[in-house]
$ cat target03.cif   # mmCIF, C-alpha atoms, pLDDT in the B column; chains and numbers go by the auth columns
data_protein
#
loop_
_atom_site.group_PDB
_atom_site.id
_atom_site.type_symbol
_atom_site.label_atom_id
_atom_site.label_comp_id
_atom_site.label_asym_id
_atom_site.label_seq_id
_atom_site.Cartn_x
_atom_site.Cartn_y
_atom_site.Cartn_z
_atom_site.B_iso_or_equiv
_atom_site.auth_seq_id
_atom_site.auth_asym_id
ATOM 1 C CA MET A 1 -26.192 22.060 33.909 43.00 1 A
ATOM 2 C CA PRO A 2 -26.328 23.517 30.411 46.00 2 A
ATOM 3 C CA MET A 3 -25.394 21.041 27.737 50.00 3 A
ATOM 4 C CA SER A 4 -22.529 21.979 25.486 52.00 4 A
ATOM 5 C CA ASP A 5 -22.679 21.697 21.714 56.00 5 A
ATOM 6 C CA ASN A 6 -20.014 19.003 21.933 59.00 6 A
ATOM 7 C CA PHE A 7 -21.948 16.665 24.246 61.00 7 A
ATOM 8 C CA ASP A 8 -21.452 13.523 22.117 60.00 8 A
ATOM 9 C CA TRP A 9 -17.748 14.275 21.753 57.00 9 A
ATOM 10 C CA GLU A 10 -17.444 14.814 25.513 63.00 10 A
ATOM 11 C CA LEU A 11 -19.257 11.554 26.237 63.00 11 A
ATOM 12 C CA ARG A 12 -16.896 9.680 23.907 60.00 12 A
ATOM 13 C CA GLY A 13 -13.954 11.414 25.618 62.00 13 A
ATOM 14 C CA LEU A 14 -15.181 10.131 28.960 61.00 14 A
ATOM 15 C CA PHE A 15 -15.338 6.590 27.582 56.00 15 A
ATOM 16 C CA ARG A 16 -11.776 6.955 26.252 57.00 16 A
ATOM 17 C CA THR A 17 -10.609 8.244 29.630 59.00 17 A
ATOM 18 C CA LEU A 18 -12.101 5.157 31.259 56.00 18 A
ATOM 19 C CA ARG A 19 -10.702 2.976 28.443 53.00 19 A
ATOM 20 C CA MET A 20 -14.122 1.660 27.444 53.00 20 A
ATOM 21 C CA ASP A 21 -15.319 1.040 23.938 50.00 21 A
ATOM 22 C CA PRO A 22 -18.513 3.120 23.695 48.00 22 A
ATOM 23 C CA GLU A 23 -19.829 0.913 20.891 50.00 23 A
ATOM 24 C CA LYS A 24 -19.568 -2.266 22.968 50.00 24 A
ATOM 25 C CA ALA A 25 -20.035 -1.071 26.533 49.00 25 A
ATOM 26 C CA PHE A 26 -23.759 -1.709 26.848 47.00 26 A
ATOM 27 C CA ARG A 27 -24.114 -4.431 24.247 48.00 27 A
ATOM 28 C CA ARG A 28 -23.229 -7.721 25.837 49.00 28 A
ATOM 29 C CA ASP A 29 -23.552 -11.302 24.796 52.00 29 A
ATOM 30 C CA TRP A 30 -24.559 -12.972 28.016 47.00 30 A
ATOM 31 C CA PRO A 31 -23.636 -16.642 28.171 52.00 31 A
ATOM 32 C CA ALA A 32 -26.607 -18.858 27.504 54.00 32 A
ATOM 33 C CA GLY A 33 -27.031 -21.892 29.690 52.00 33 A
ATOM 34 C CA GLU A 34 -28.696 -25.100 28.682 47.00 34 A
ATOM 35 C CA GLU A 35 -31.599 -24.304 30.973 47.00 35 A
ATOM 36 C CA GLU A 36 -33.437 -21.011 30.989 49.00 36 A
ATOM 37 C CA GLU A 37 -32.858 -19.367 34.343 53.00 37 A
ATOM 38 C CA ALA A 38 -34.123 -16.065 35.615 48.00 38 A
ATOM 39 C CA PRO A 39 -31.306 -13.521 35.337 51.00 39 A
ATOM 40 C CA SER A 40 -29.803 -12.274 38.544 59.00 40 A
ATOM 41 C CA GLY A 41 -27.417 -9.564 39.648 78.00 41 A
ATOM 42 C CA LEU A 42 -25.925 -7.532 36.838 81.00 42 A
ATOM 43 C CA ASP A 43 -27.776 -9.567 34.202 84.00 43 A
ATOM 44 C CA ALA A 44 -31.132 -8.580 35.696 86.00 44 A
ATOM 45 C CA PHE A 45 -29.972 -4.968 36.082 87.00 45 A
ATOM 46 C CA TYR A 46 -28.918 -4.842 32.420 87.00 46 A
ATOM 47 C CA ASN A 47 -32.089 -6.541 31.177 90.00 47 A
ATOM 48 C CA GLU A 48 -34.430 -4.227 33.067 92.00 48 A
ATOM 49 C CA LEU A 49 -32.540 -1.089 32.100 92.00 49 A
ATOM 50 C CA GLN A 50 -32.518 -2.117 28.452 93.00 50 A
ATOM 51 C CA PHE A 51 -36.213 -3.063 28.563 95.00 51 A
ATOM 52 C CA LEU A 52 -37.192 0.331 29.971 95.00 52 A
ATOM 53 C CA LEU A 53 -35.014 2.148 27.452 94.00 53 A
ATOM 54 C CA GLU A 54 -36.472 0.225 24.511 93.00 54 A
ATOM 55 C CA ALA A 55 -39.999 0.845 25.847 95.00 55 A
ATOM 56 C CA GLY A 56 -39.353 4.595 25.792 95.00 56 A
ATOM 57 C CA GLU A 57 -39.574 4.865 29.579 96.00 57 A
ATOM 58 C CA TYR A 58 -36.488 7.067 29.792 97.00 58 A
ATOM 59 C CA GLY A 59 -37.313 8.729 33.106 96.00 59 A
ATOM 60 C CA GLN A 60 -38.257 5.430 34.727 96.00 60 A
ATOM 61 C CA ALA A 61 -35.067 3.848 33.346 96.00 61 A
ATOM 62 C CA GLU A 62 -32.974 6.666 34.802 96.00 62 A
ATOM 63 C CA ASP A 63 -34.669 6.289 38.196 95.00 63 A
ATOM 64 C CA PHE A 64 -34.025 2.536 38.080 94.00 64 A
ATOM 65 C CA LEU A 65 -30.383 3.116 37.165 94.00 65 A
ATOM 66 C CA PHE A 66 -29.744 5.339 40.179 93.00 66 A
ATOM 67 C CA GLN A 67 -31.644 3.017 42.526 91.00 67 A
ATOM 68 C CA GLN A 68 -29.519 0.064 41.444 87.00 68 A
ATOM 69 C CA LEU A 69 -26.096 1.713 41.252 85.00 69 A
ATOM 70 C CA GLU A 70 -23.431 0.292 43.472 78.00 70 A
ATOM 71 C CA GLU A 71 -20.717 2.869 43.958 67.00 71 A
ATOM 72 C CA GLY A 72 -17.311 1.519 43.153 66.00 72 A
ATOM 73 C CA GLU A 73 -18.755 -1.223 40.932 80.00 73 A
ATOM 74 C CA LEU A 74 -17.199 -0.643 37.515 84.00 74 A
ATOM 75 C CA ALA A 75 -19.867 -2.686 35.703 86.00 75 A
ATOM 76 C CA CYS A 76 -22.594 -0.400 37.099 86.00 76 A
ATOM 77 C CA LEU A 77 -20.670 2.669 35.991 88.00 77 A
ATOM 78 C CA GLU A 78 -20.205 1.139 32.552 88.00 78 A
ATOM 79 C CA MET A 79 -23.934 0.448 32.214 90.00 79 A
ATOM 80 C CA GLY A 80 -24.771 3.956 33.370 91.00 80 A
ATOM 81 C CA LEU A 81 -22.404 5.591 30.912 90.00 81 A
ATOM 82 C CA SER A 82 -23.730 3.434 28.115 91.00 82 A
ATOM 83 C CA PHE A 83 -27.301 4.284 29.091 94.00 83 A
ATOM 84 C CA TYR A 84 -26.541 7.987 28.737 94.00 84 A
ATOM 85 C CA GLN A 85 -24.733 7.394 25.471 93.00 85 A
ATOM 86 C CA GLN A 86 -27.834 5.681 24.088 94.00 86 A
ATOM 87 C CA LEU A 87 -29.991 8.591 25.236 95.00 87 A
ATOM 88 C CA ALA A 88 -27.543 11.088 23.704 93.00 88 A
ATOM 89 C CA GLU A 89 -27.961 9.318 20.362 93.00 89 A
ATOM 90 C CA LYS A 90 -31.738 9.887 20.421 94.00 90 A
ATOM 91 C CA SER A 91 -33.184 12.801 18.487 94.00 91 A
ATOM 92 C CA ASP A 92 -34.541 15.819 20.338 94.00 92 A
ATOM 93 C CA GLY A 93 -38.001 14.852 19.092 96.00 93 A
ATOM 94 C CA ASP A 94 -37.708 11.315 20.435 96.00 94 A
ATOM 95 C CA LEU A 95 -36.513 12.558 23.808 96.00 95 A
ATOM 96 C CA ALA A 96 -39.351 15.104 23.985 96.00 96 A
ATOM 97 C CA ALA A 97 -41.926 12.473 22.943 97.00 97 A
ATOM 98 C CA HIS A 98 -40.853 10.454 25.982 96.00 98 A
ATOM 99 C CA ASP A 99 -40.821 13.403 28.414 96.00 99 A
ATOM 100 C CA PHE A 100 -37.030 13.708 28.455 96.00 100 A
ATOM 101 C CA SER A 101 -34.579 16.354 27.253 95.00 101 A
ATOM 102 C CA ARG A 102 -30.938 16.849 26.309 94.00 102 A
ATOM 103 C CA GLU A 103 -30.499 18.832 29.507 94.00 103 A
ATOM 104 C CA GLU A 104 -31.707 15.839 31.532 95.00 104 A
ATOM 105 C CA VAL A 105 -29.233 13.608 29.695 94.00 105 A
ATOM 106 C CA ALA A 106 -26.401 16.008 30.520 92.00 106 A
ATOM 107 C CA GLN A 107 -27.507 16.382 34.141 93.00 107 A
ATOM 108 C CA GLY A 108 -27.894 12.636 34.586 94.00 108 A
ATOM 109 C CA LEU A 109 -24.429 12.034 33.197 92.00 109 A
ATOM 110 C CA ALA A 110 -23.025 14.699 35.529 92.00 110 A
ATOM 111 C CA ASP A 111 -24.792 13.064 38.497 93.00 111 A
ATOM 112 C CA LEU A 112 -23.482 9.629 37.525 92.00 112 A
ATOM 113 C CA CYS A 113 -19.919 10.902 37.210 90.00 113 A
ATOM 114 C CA ALA A 114 -20.157 12.730 40.532 90.00 114 A
ATOM 115 C CA ARG A 115 -21.427 9.589 42.235 89.00 115 A
ATOM 116 C CA PHE A 116 -18.305 7.744 41.084 88.00 116 A
ATOM 117 C CA GLY A 117 -15.965 10.669 41.705 88.00 117 A
ATOM 118 C CA LEU A 118 -15.226 11.206 38.017 86.00 118 A
ATOM 119 C CA PRO A 119 -14.574 14.621 36.527 82.00 119 A
ATOM 120 C CA LEU A 120 -16.696 15.627 33.588 73.00 120 A
ATOM 121 C CA PRO A 121 -14.935 16.612 30.386 61.00 121 A
ATOM 122 C CA SER A 122 -14.399 20.370 30.154 57.00 122 A
ATOM 123 C CA GLU A 123 -17.090 22.295 28.373 50.00 123 A
#
$ encode --input "target03.cif" --output "structure tokens"
Amino acid sequence: MPMSDNFDWELRGLFRTLRMDPEKAFRRDWPAGEEEEAPSGLDAFYNELQFLLEAGEYGQAEDFLFQQLEEGELACLEMGLSFYQQLAEKSDGDLAAHDFSREEVAQGLADLCARFGLPLPSE
């Protein structure tokens, strides 16, 4: 899927359509317990996805995202959309340095939306 020149605008439009705040969607303050426990469920999903993204393992992070997605689970969709927003904010040079491209960001977003039955914004 060719990426339009308005990709960031389209991504923000998708967040507005879903009534999500794109600035807060992937940044969570997880409640801290008195005892350190290994994260589970969505916490573990978030932590691993964020770790891979911060490590520059964009392709591996994308693979992990699609392996862990639970269709119909809004929190998974939210994390996926936020993941692609973070990638869209990367420079072309950063994406290329980590064996990723704008086209892969656009295609991944399209695949995510299709998996949840969401229409993509018009190009």
$ closest_residue --input "target03.cif" --among "A:Asn47, A:Asp92, A:Gly56, A:Leu77" --to "Ala114 of chain A" --atoms "all atoms listed in the file"
A:Leu77
$ residues_near_point --input "target03.cif" --point "(-31.8, 8.3, 36.1)" --cutoff "12 Å" --atoms "all atoms listed in the file" --output "VMD selection string"
chain A and resid 49 52 to 53 57 to 69 79 to 81 83 to 84 87 100 104 to 112
$ atom_distance --input "target03.cif" --atom1 "atom CA of Ala75 of chain A" --atom2 "atom CA of Leu42 of chain A"
7.8 Å
$ closest_residue --input "target03.cif" --among "A:Gly117, A:Phe45, A:Ser101, A:Leu95" --to "Cys76 of chain A" --atoms "all atoms listed in the file"
A:Phe45
$ atom_distance --input "target03.cif" --atom1 "atom CA of Tyr46 of chain A" --atom2 "atom CA of Pro119 of chain A"
24.5 Å
$ atom_distance --input "target03.cif" --atom1 "atom CA of Ser82 of chain A" --atom2 "atom CA of Leu118 of chain A"
15.2 Å
$ closest_residue --input "target03.cif" --among "A:Leu74, A:Gln86, A:Glu48, A:Arg115" --to "Arg102 of chain A" --atoms "all atoms listed in the file"
A:Gln86
$ closest_residue --input "target03.cif" --among "A:Glu103, A:Glu70, A:Cys113, A:Gln50" --to "Ala88 of chain A" --atoms "only C-alpha atoms"
A:Glu103
$ decode --input "target03.cif" --residues "segment 72-97 of chain A" --atoms "N, CA, C and O atoms" --output "mmCIF file, in the first residue's frame"
data_model
loop_
_atom_site.group_PDB
_atom_site.id
_atom_site.type_symbol
_atom_site.label_atom_id
_atom_site.label_comp_id
_atom_site.auth_asym_id
_atom_site.auth_seq_id
_atom_site.Cartn_x
_atom_site.Cartn_y
_atom_site.Cartn_z
ATOM 1 N N GLY A 72 -10.997 -8.002 18.727
ATOM 2 C CA GLY A 72 -12.110 -7.576 19.550
ATOM 3 C C GLY A 72 -11.673 -6.979 20.877
ATOM 4 O O GLY A 72 -12.485 -6.396 21.582
ATOM 5 N N GLU A 73 -10.420 -7.099 21.234
ATOM 6 C CA GLU A 73 -9.905 -6.554 22.488
ATOM 7 C C GLU A 73 -9.424 -5.128 22.236
ATOM 8 O O GLU A 73 -8.396 -4.911 21.607
ATOM 9 N N LEU A 74 -10.188 -4.157 22.707
ATOM 10 C CA LEU A 74 -9.905 -2.754 22.441
ATOM 11 C C LEU A 74 -8.516 -2.344 22.931
ATOM 12 O O LEU A 74 -7.826 -1.569 22.270
ATOM 13 N N ALA A 75 -8.073 -2.861 24.054
ATOM 14 C CA ALA A 75 -6.748 -2.503 24.573
ATOM 15 C C ALA A 75 -5.646 -2.949 23.612
ATOM 16 O O ALA A 75 -4.654 -2.238 23.438
ATOM 17 N N CYS A 76 -5.814 -4.089 22.969
ATOM 18 C CA CYS A 76 -4.818 -4.558 21.991
ATOM 19 C C CYS A 76 -4.814 -3.648 20.767
ATOM 20 O O CYS A 76 -3.748 -3.301 20.247
ATOM 21 N N LEU A 77 -5.989 -3.259 20.322
ATOM 22 C CA LEU A 77 -6.082 -2.338 19.193
ATOM 23 C C LEU A 77 -5.412 -1.015 19.554
ATOM 24 O O LEU A 77 -4.643 -0.463 18.773
ATOM 25 N N GLU A 78 -5.678 -0.523 20.730
ATOM 26 C CA GLU A 78 -5.100 0.736 21.185
ATOM 27 C C GLU A 78 -3.570 0.653 21.202
ATOM 28 O O GLU A 78 -2.892 1.564 20.728
ATOM 29 N N MET A 79 -3.032 -0.427 21.713
ATOM 30 C CA MET A 79 -1.572 -0.586 21.732
ATOM 31 C C MET A 79 -1.012 -0.673 20.317
ATOM 32 O O MET A 79 0.039 -0.104 20.029
ATOM 33 N N GLY A 80 -1.711 -1.375 19.439
ATOM 34 C CA GLY A 80 -1.252 -1.478 18.065
ATOM 35 C C GLY A 80 -1.250 -0.136 17.345
ATOM 36 O O GLY A 80 -0.288 0.217 16.662
ATOM 37 N N LEU A 81 -2.315 0.620 17.512
ATOM 38 C CA LEU A 81 -2.377 1.938 16.887
ATOM 39 C C LEU A 81 -1.292 2.857 17.436
ATOM 40 O O LEU A 81 -0.653 3.598 16.686
ATOM 41 N N SER A 82 -1.075 2.788 18.717
ATOM 42 C CA SER A 82 -0.035 3.611 19.327
ATOM 43 C C SER A 82 1.354 3.196 18.863
ATOM 44 O O SER A 82 2.225 4.038 18.654
ATOM 45 N N PHE A 83 1.552 1.899 18.695
ATOM 46 C CA PHE A 83 2.822 1.387 18.181
ATOM 47 C C PHE A 83 3.108 1.996 16.812
ATOM 48 O O PHE A 83 4.207 2.513 16.560
ATOM 49 N N TYR A 84 2.107 1.979 15.936
ATOM 50 C CA TYR A 84 2.313 2.538 14.599
ATOM 51 C C TYR A 84 2.456 4.051 14.631
ATOM 52 O O TYR A 84 3.168 4.623 13.810
ATOM 53 N N GLN A 85 1.810 4.703 15.570
ATOM 54 C CA GLN A 85 2.009 6.140 15.707
ATOM 55 C C GLN A 85 3.461 6.432 16.091
ATOM 56 O O GLN A 85 4.084 7.345 15.537
ATOM 57 N N GLN A 86 3.997 5.660 17.020
ATOM 58 C CA GLN A 86 5.387 5.873 17.434
ATOM 59 C C GLN A 86 6.341 5.628 16.263
ATOM 60 O O GLN A 86 7.308 6.368 16.088
ATOM 61 N N LEU A 87 6.065 4.608 15.471
ATOM 62 C CA LEU A 87 6.907 4.364 14.294
ATOM 63 C C LEU A 87 6.774 5.501 13.286
ATOM 64 O O LEU A 87 7.763 5.912 12.682
ATOM 65 N N ALA A 88 5.550 6.015 13.103
ATOM 66 C CA ALA A 88 5.335 7.099 12.145
ATOM 67 C C ALA A 88 6.092 8.357 12.550
ATOM 68 O O ALA A 88 6.450 9.165 11.690
ATOM 69 N N GLU A 89 6.353 8.522 13.830
ATOM 70 C CA GLU A 89 7.078 9.690 14.319
ATOM 71 C C GLU A 89 8.595 9.563 14.132
ATOM 72 O O GLU A 89 9.319 10.537 14.289
ATOM 73 N N LYS A 90 9.062 8.376 13.786
ATOM 74 C CA LYS A 90 10.499 8.168 13.562
ATOM 75 C C LYS A 90 10.894 8.788 12.225
ATOM 76 O O LYS A 90 10.104 8.863 11.295
ATOM 77 N N SER A 91 12.139 9.191 12.133
ATOM 78 C CA SER A 91 12.644 9.727 10.862
ATOM 79 C C SER A 91 12.843 8.586 9.866
ATOM 80 O O SER A 91 12.964 7.417 10.259
ATOM 81 N N ASP A 92 12.879 8.940 8.589
ATOM 82 C CA ASP A 92 13.145 7.928 7.563
ATOM 83 C C ASP A 92 14.488 7.255 7.821
ATOM 84 O O ASP A 92 14.623 6.041 7.651
ATOM 85 N N GLY A 93 15.475 8.043 8.236
ATOM 86 C CA GLY A 93 16.801 7.495 8.515
ATOM 87 C C GLY A 93 16.788 6.506 9.661
ATOM 88 O O GLY A 93 17.447 5.466 9.600
ATOM 89 N N ASP A 94 16.038 6.820 10.713
ATOM 90 C CA ASP A 94 15.945 5.908 11.854
ATOM 91 C C ASP A 94 15.253 4.617 11.445
ATOM 92 O O ASP A 94 15.708 3.526 11.799
ATOM 93 N N LEU A 95 14.164 4.737 10.705
ATOM 94 C CA LEU A 95 13.475 3.533 10.236
ATOM 95 C C LEU A 95 14.411 2.675 9.386
ATOM 96 O O LEU A 95 14.515 1.459 9.601
ATOM 97 N N ALA A 96 15.107 3.306 8.438
ATOM 98 C CA ALA A 96 16.013 2.568 7.553
ATOM 99 C C ALA A 96 17.156 1.924 8.343
ATOM 100 O O ALA A 96 17.554 0.788 8.051
ATOM 101 N N ALA A 97 17.663 2.625 9.352
ATOM 102 C CA ALA A 97 18.762 2.081 10.169
ATOM 103 C C ALA A 97 18.333 0.834 10.931
ATOM 104 O O ALA A 97 19.178 0.022 11.334
#
